[in-house]
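Engineer: Pasting a structure here, questions to come.
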Amino acid sequence: MSFPYRYWWASGIILIALGMIQGLISGGKDDVATMGLITSGIFIIIVLLGKEIREEKGPRQDERTKRIGAWGLSYSWSLTFVTLFVLFWAQYLGVLILSGQIMILLLVLEMAVSARAFQWYFFRKGDVE
């Protein structure tokens, strides 16, 4: 773990602790500040764990891996736009009734999973053209 990461680890832990303290002070109510602090802290820690895993293992980035990463992300964005289009029309026609929170959650999960799936597919394929 390099020196600058220590500050990020500390900030993630501090945010989680502040969120827990805020939750205890507010009496366990459904508080946006509490959820925001805890979620931010967890997000920072997850990103740091991903960086550490990636730095310890895996291939170095070269032209091929950068190109595959970019293609996977562009395919993911394209799929996300199609998903947005389908969700809009399903909602508009009354076929599917979802709250805004559920739609955002679905889109975020779809983006993350599809990006990794497309990158995995292109790595297995060998290269992109």
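Labeling convention for the structure tokens: chains A, B, ... as they appear, residues from 1 per chain, ligands from 1 in order of appearance.
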Would you mind listing what lies within 9 Å of Trp9 (chain A) as a ChimeraX atom specification, with only C-alpha atoms counted and same-chain residues fewer than 4 positions away left out?
Structural biologist: /A:5,13-14,41,44-45,48
Engineer: Could the residues in this selection be saved with C-alpha atoms as a compact mmCIF listing (two decimals), in the first residue's frame?
Structural biologist:
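As a result, result_38.txt now contains:
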```txt
# COMPACT_ATOMS: atom_id res chain seq x y z
CA TYR A 5 -3.61 5.47 -0.37
CA ILE A 13 -13.24 4.61 7.38
CA ILE A 14 -13.95 8.08 8.79
CA GLY A 41 -17.11 5.41 2.71
CA ILE A 44 -14.03 4.56 -1.44
CA ILE A 45 -12.96 1.30 0.23
CA LEU A 48 -9.21 1.01 -3.14
```
Engineer: If you count only C-alpha atoms, which residues fall within 8 Å of Ala117 (chain A), apart from same-chain ones fewer than 4 positions away, as a VMD selection string?
Structural biologist: chain A and resid 72 113 121
Engineer: For Ser76 (chain A), which of A:Arg64, A:Lys51, A:Arg116, A:Arg124 is the closest residue, counting only C-alpha atoms?
Structural biologist: A:Arg116
Engineer: Can you tell me, as a short mmCIF file (atom, residue, chain, number, x, y, z; two decimals) with N, CA, C and O atoms, in the first residue's frame, what residues are no more than 12 Å from region 84-90 of chain A when counting only C-alpha atoms, ignoring any on the same chain fewer than 2 positions away?
Structural biologist:
```
data_model
loop_
_atom_site.label_atom_id
_atom_site.label_comp_id
_atom_site.auth_asym_id
_atom_site.auth_seq_id
_atom_site.Cartn_x
_atom_site.Cartn_y
_atom_site.Cartn_z
N TRP A 77 -21.84 1.03 -22.88
CA TRP A 77 -22.60 2.27 -23.03
C TRP A 77 -23.71 2.09 -24.06
O TRP A 77 -24.83 2.56 -23.86
N SER A 78 -23.41 1.43 -25.15
CA SER A 78 -24.44 1.20 -26.18
C SER A 78 -25.59 0.38 -25.61
O SER A 78 -26.76 0.70 -25.85
N LEU A 79 -25.26 -0.67 -24.88
CA LEU A 79 -26.30 -1.48 -24.26
C LEU A 79 -27.11 -0.67 -23.25
O LEU A 79 -28.32 -0.81 -23.14
N THR A 80 -26.44 0.22 -22.53
CA THR A 80 -27.14 1.07 -21.56
C THR A 80 -28.12 2.00 -22.25
O THR A 80 -29.24 2.21 -21.77
N PHE A 81 -27.74 2.57 -23.38
CA PHE A 81 -28.67 3.42 -24.12
C PHE A 81 -29.88 2.64 -24.61
O PHE A 81 -31.01 3.13 -24.56
N VAL A 82 -29.67 1.43 -25.08
CA VAL A 82 -30.79 0.59 -25.49
C VAL A 82 -31.67 0.27 -24.29
O VAL A 82 -32.91 0.31 -24.38
N TYR A 92 -43.63 4.31 -20.23
CA TYR A 92 -44.59 5.18 -20.91
C TYR A 92 -45.87 4.42 -21.30
O TYR A 92 -46.97 4.95 -21.17
N LEU A 93 -45.72 3.20 -21.74
CA LEU A 93 -46.87 2.39 -22.17
C LEU A 93 -47.55 1.68 -21.00
O LEU A 93 -48.57 1.03 -21.20
N GLY A 94 -46.99 1.78 -19.81
CA GLY A 94 -47.60 1.16 -18.64
C GLY A 94 -47.33 -0.32 -18.51
O GLY A 94 -47.96 -0.99 -17.70
N VAL A 95 -46.42 -0.84 -19.29
CA VAL A 95 -46.07 -2.25 -19.23
C VAL A 95 -45.29 -2.55 -17.96
O VAL A 95 -45.46 -3.60 -17.33
N LEU A 96 -44.46 -1.59 -17.56
CA LEU A 96 -43.59 -1.76 -16.40
C LEU A 96 -43.63 -0.48 -15.58
O LEU A 96 -43.38 0.61 -16.11
N ILE A 97 -43.96 -0.59 -14.33
CA ILE A 97 -44.01 0.58 -13.45
C ILE A 97 -42.91 0.43 -12.41
O ILE A 97 -42.98 -0.43 -11.54
N LEU A 98 -41.88 1.28 -12.52
CA LEU A 98 -40.76 1.24 -11.59
C LEU A 98 -40.53 2.64 -11.02
O LEU A 98 -40.74 3.64 -11.70
N SER A 99 -40.05 2.69 -9.80
CA SER A 99 -39.71 3.98 -9.21
C SER A 99 -38.37 4.45 -9.79
O SER A 99 -37.62 3.67 -10.38
N GLY A 100 -38.08 5.71 -9.62
CA GLY A 100 -36.82 6.27 -10.10
C GLY A 100 -35.62 5.60 -9.47
O GLY A 100 -34.60 5.36 -10.13
N ILE A 102 -35.34 2.51 -8.34
CA ILE A 102 -35.15 1.17 -8.90
C ILE A 102 -34.56 1.26 -10.30
O ILE A 102 -33.67 0.48 -10.67
N MET A 103 -35.03 2.23 -11.10
CA MET A 103 -34.50 2.37 -12.45
C MET A 103 -33.01 2.74 -12.42
O MET A 103 -32.22 2.20 -13.20
N ILE A 104 -32.64 3.65 -11.54
CA ILE A 104 -31.23 4.03 -11.43
C ILE A 104 -30.39 2.84 -10.98
O ILE A 104 -29.32 2.58 -11.52
N LEU A 106 -31.05 -0.35 -11.43
CA LEU A 106 -30.95 -1.28 -12.55
C LEU A 106 -29.92 -0.82 -13.57
O LEU A 106 -29.11 -1.62 -14.06
N LEU A 107 -29.92 0.47 -13.88
CA LEU A 107 -28.98 0.98 -14.88
C LEU A 107 -27.53 0.92 -14.39
O LEU A 107 -26.63 0.55 -15.14
N VAL A 108 -27.30 1.26 -13.13
CA VAL A 108 -25.94 1.21 -12.60
C VAL A 108 -25.42 -0.23 -12.58
O VAL A 108 -24.29 -0.50 -12.99
N GLU A 110 -26.52 -2.72 -14.42
CA GLU A 110 -26.39 -3.17 -15.82
C GLU A 110 -25.10 -2.64 -16.44
O GLU A 110 -24.40 -3.37 -17.14
N MET A 111 -24.77 -1.40 -16.16
CA MET A 111 -23.54 -0.83 -16.72
C MET A 111 -22.30 -1.55 -16.19
O MET A 111 -21.40 -1.91 -16.96
#
```
Engineer: I'd like to know which of A:Leu15, A:Ala70, A:Ile25, A:Met20 is closest to Ser40 (chain A), using only C-alpha atoms.
Structural biologist: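 Closest candidate: A:Leu15.
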Engineer: Check the DSSP output for the backbone and give back, as an MDAnalysis selection string, the residues of region 25-95 of chain A in helix (DSSP H, G or I).
Structural biologist: chainID A and resid 25 32:56 63:92
Engineer: To one decimal in Å, tell me the separation between CA of Leu24 (chain A) and CA of Ile46 (chain A).
Structural biologist: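 Spanning CA of Leu24 (chain A) to CA of Ile46 (chain A) is a straight-line distance of 24.1 Å.
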